[in-house]
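Notes for the one structure printed next.
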Amino acid sequence: MTSATVGAPGSPRRYLHSLWLLTARDLKVRYATSALGYLWSVLDPLVMSAIYWFVFTQIFDRAVGAQPYIVFLITALLPWVWFNASVSDFTRAFNKDARLVRSTAIPRSIWVNRIVLSKGVEFLCSLPVLVVFAVFAGASVGWGLLWFPVAVVLQTMLLVGIGLLVAPLCVLWGDLERTTRLVLRALFYASPVIYGVADLPDGFRELAAFNPLAGIFTLYRVGFFPDQWDTLTVVMAFVMSTFFLVLGLTVFRRLEHAVLKEL
């Protein structure tokens, strides 16, 4: 299959319909045998938040972040879970449904986009937890909250781009699945989740700007913590998210034929 035929089969309407059907299937399968169902979408970030809150407020004197620290943590942990879960699933996006990937006429990018969408739906469903903690912790809300949907759009762009890179490469080189897990572990601490961009010393702040998650998490936070705003990281988040999206589209088109042969 050539790059010219990637988007040929079907109309955008058919693509969106198929995308939603696959996403709904993923969500149903995920929660069909679960007694807790929706609660699993929030338990992971809640447990992580509780652990870091306890360590940095009850055991050690916290020198990073802002008050209320639990809200500071959740505003980054929720989107981090979306990012981490999506990238982890990208490594198996094509191998998991190899027969369908080979036989369907719809563009193969749908197998990446359905992961982004399904994990994104779970992220949106977890936002009431942020609201509850913000209310009970007494967090102030400002006009910076208008940046929140911008952060969602940027993270979607970033994830689609990374997915279109990771998914085909993991089919061609199986070892990349384990490598991706190691990179995600390191990226968690390299991203401003338990700390903010403002906590970084000079030099590291400029380096952190090349991590698009730094600017994206900043946009999620500024509605509650306006002092966390950092123009450089926000601008670089726009640049890097766009870069990864364009790179992902380009690489995916070039590797799609090789991926189908490998499957």
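Letters A, B, ... go to the chains of the structure tokens in the order shown; residues in each chain start at 1; ligands are counted from 1 in the same order.
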
(message) For Asp89 of chain A, find every residue with an atom within 8 Å (counting only C-alpha atoms), except residues of its own chain fewer than 4 positions away, and show them as a PyMOL selection string.
(response) chain A and resi 85+93+115

Which residues of segment 31-136 of chain A come within 12 Å of segment 150-164 of chain A, and for each one, what is the closest pair of atoms and their distance in Å to one decimal, counting only C-alpha atoms, sorted by chain and residue number, as a Markdown table?
| residue | atom | partner | partner_atom | distance |
| --- | --- | --- | --- | --- |
| A:Thr75 | CA | A:Ala151 | CA | 11.3 |
| A:Ala76 | CA | A:Ala151 | CA | 11.0 |
| A:Leu78 | CA | A:Val152 | CA | 11.4 |
| A:Pro79 | CA | A:Gln155 | CA | 8.3 |
| A:Trp80 | CA | A:Gln155 | CA | 9.9 |
| A:Val81 | CA | A:Gln155 | CA | 11.9 |
| A:Trp82 | CA | A:Gln155 | CA | 9.2 |
| A:Phe83 | CA | A:Leu159 | CA | 7.0 |
| A:Asn84 | CA | A:Leu159 | CA | 9.8 |
| A:Ala85 | CA | A:Leu159 | CA | 10.6 |
| A:Ser86 | CA | A:Leu159 | CA | 7.4 |
| A:Val87 | CA | A:Gly163 | CA | 6.7 |
| A:Ser88 | CA | A:Gly163 | CA | 9.6 |
| A:Asp89 | CA | A:Gly163 | CA | 8.9 |
| A:Phe90 | CA | A:Gly163 | CA | 5.6 |
| A:Thr91 | CA | A:Gly163 | CA | 8.3 |
| A:Arg92 | CA | A:Gly163 | CA | 10.5 |
| A:Ala93 | CA | A:Gly163 | CA | 8.7 |
| A:Phe94 | CA | A:Leu164 | CA | 10.9 |
| A:Arg108 | CA | A:Leu164 | CA | 9.8 |
| A:Ser109 | CA | A:Leu164 | CA | 7.1 |
| A:Ile110 | CA | A:Leu164 | CA | 9.9 |
| A:Trp111 | CA | A:Gly163 | CA | 9.3 |
| A:Val112 | CA | A:Gly163 | CA | 5.8 |
| A:Asn113 | CA | A:Val160 | CA | 6.3 |
| A:Arg114 | CA | A:Val160 | CA | 9.7 |
| A:Ile115 | CA | A:Gly163 | CA | 8.8 |
| A:Val116 | CA | A:Leu159 | CA | 6.6 |
| A:Leu117 | CA | A:Thr156 | CA | 8.3 |
| A:Ser118 | CA | A:Thr156 | CA | 11.4 |
| A:Lys119 | CA | A:Thr156 | CA | 10.3 |
| A:Gly120 | CA | A:Thr156 | CA | 8.0 |
| A:Val121 | CA | A:Val152 | CA | 11.1 |
| A:Phe123 | CA | A:Val152 | CA | 9.7 |
| A:Leu124 | CA | A:Val152 | CA | 9.5 |
| A:Leu127 | CA | A:Val152 | CA | 12.0 |

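Taking atom CA of Trp53 of chain A and atom CA of Gly196 of chain A as the two end points, the separation is 14.5 Å.
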
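Using only C-alpha atoms, the nearest neighbour of Val64 of chain A within the list A:Trp229, A:Gly223, A:Val251, A:Leu200 is A:Leu200.
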
(message) Can you tell me, as an MDAnalysis selection string, which residues in segment 57-241 of chain A count as helix (DSSP H, G or I) by DSSP?
(response) chainID A and resid 57:59 69:90 98:103 110:137 143:172 176:190 197:199 204:208 212:221 226:228 231:241
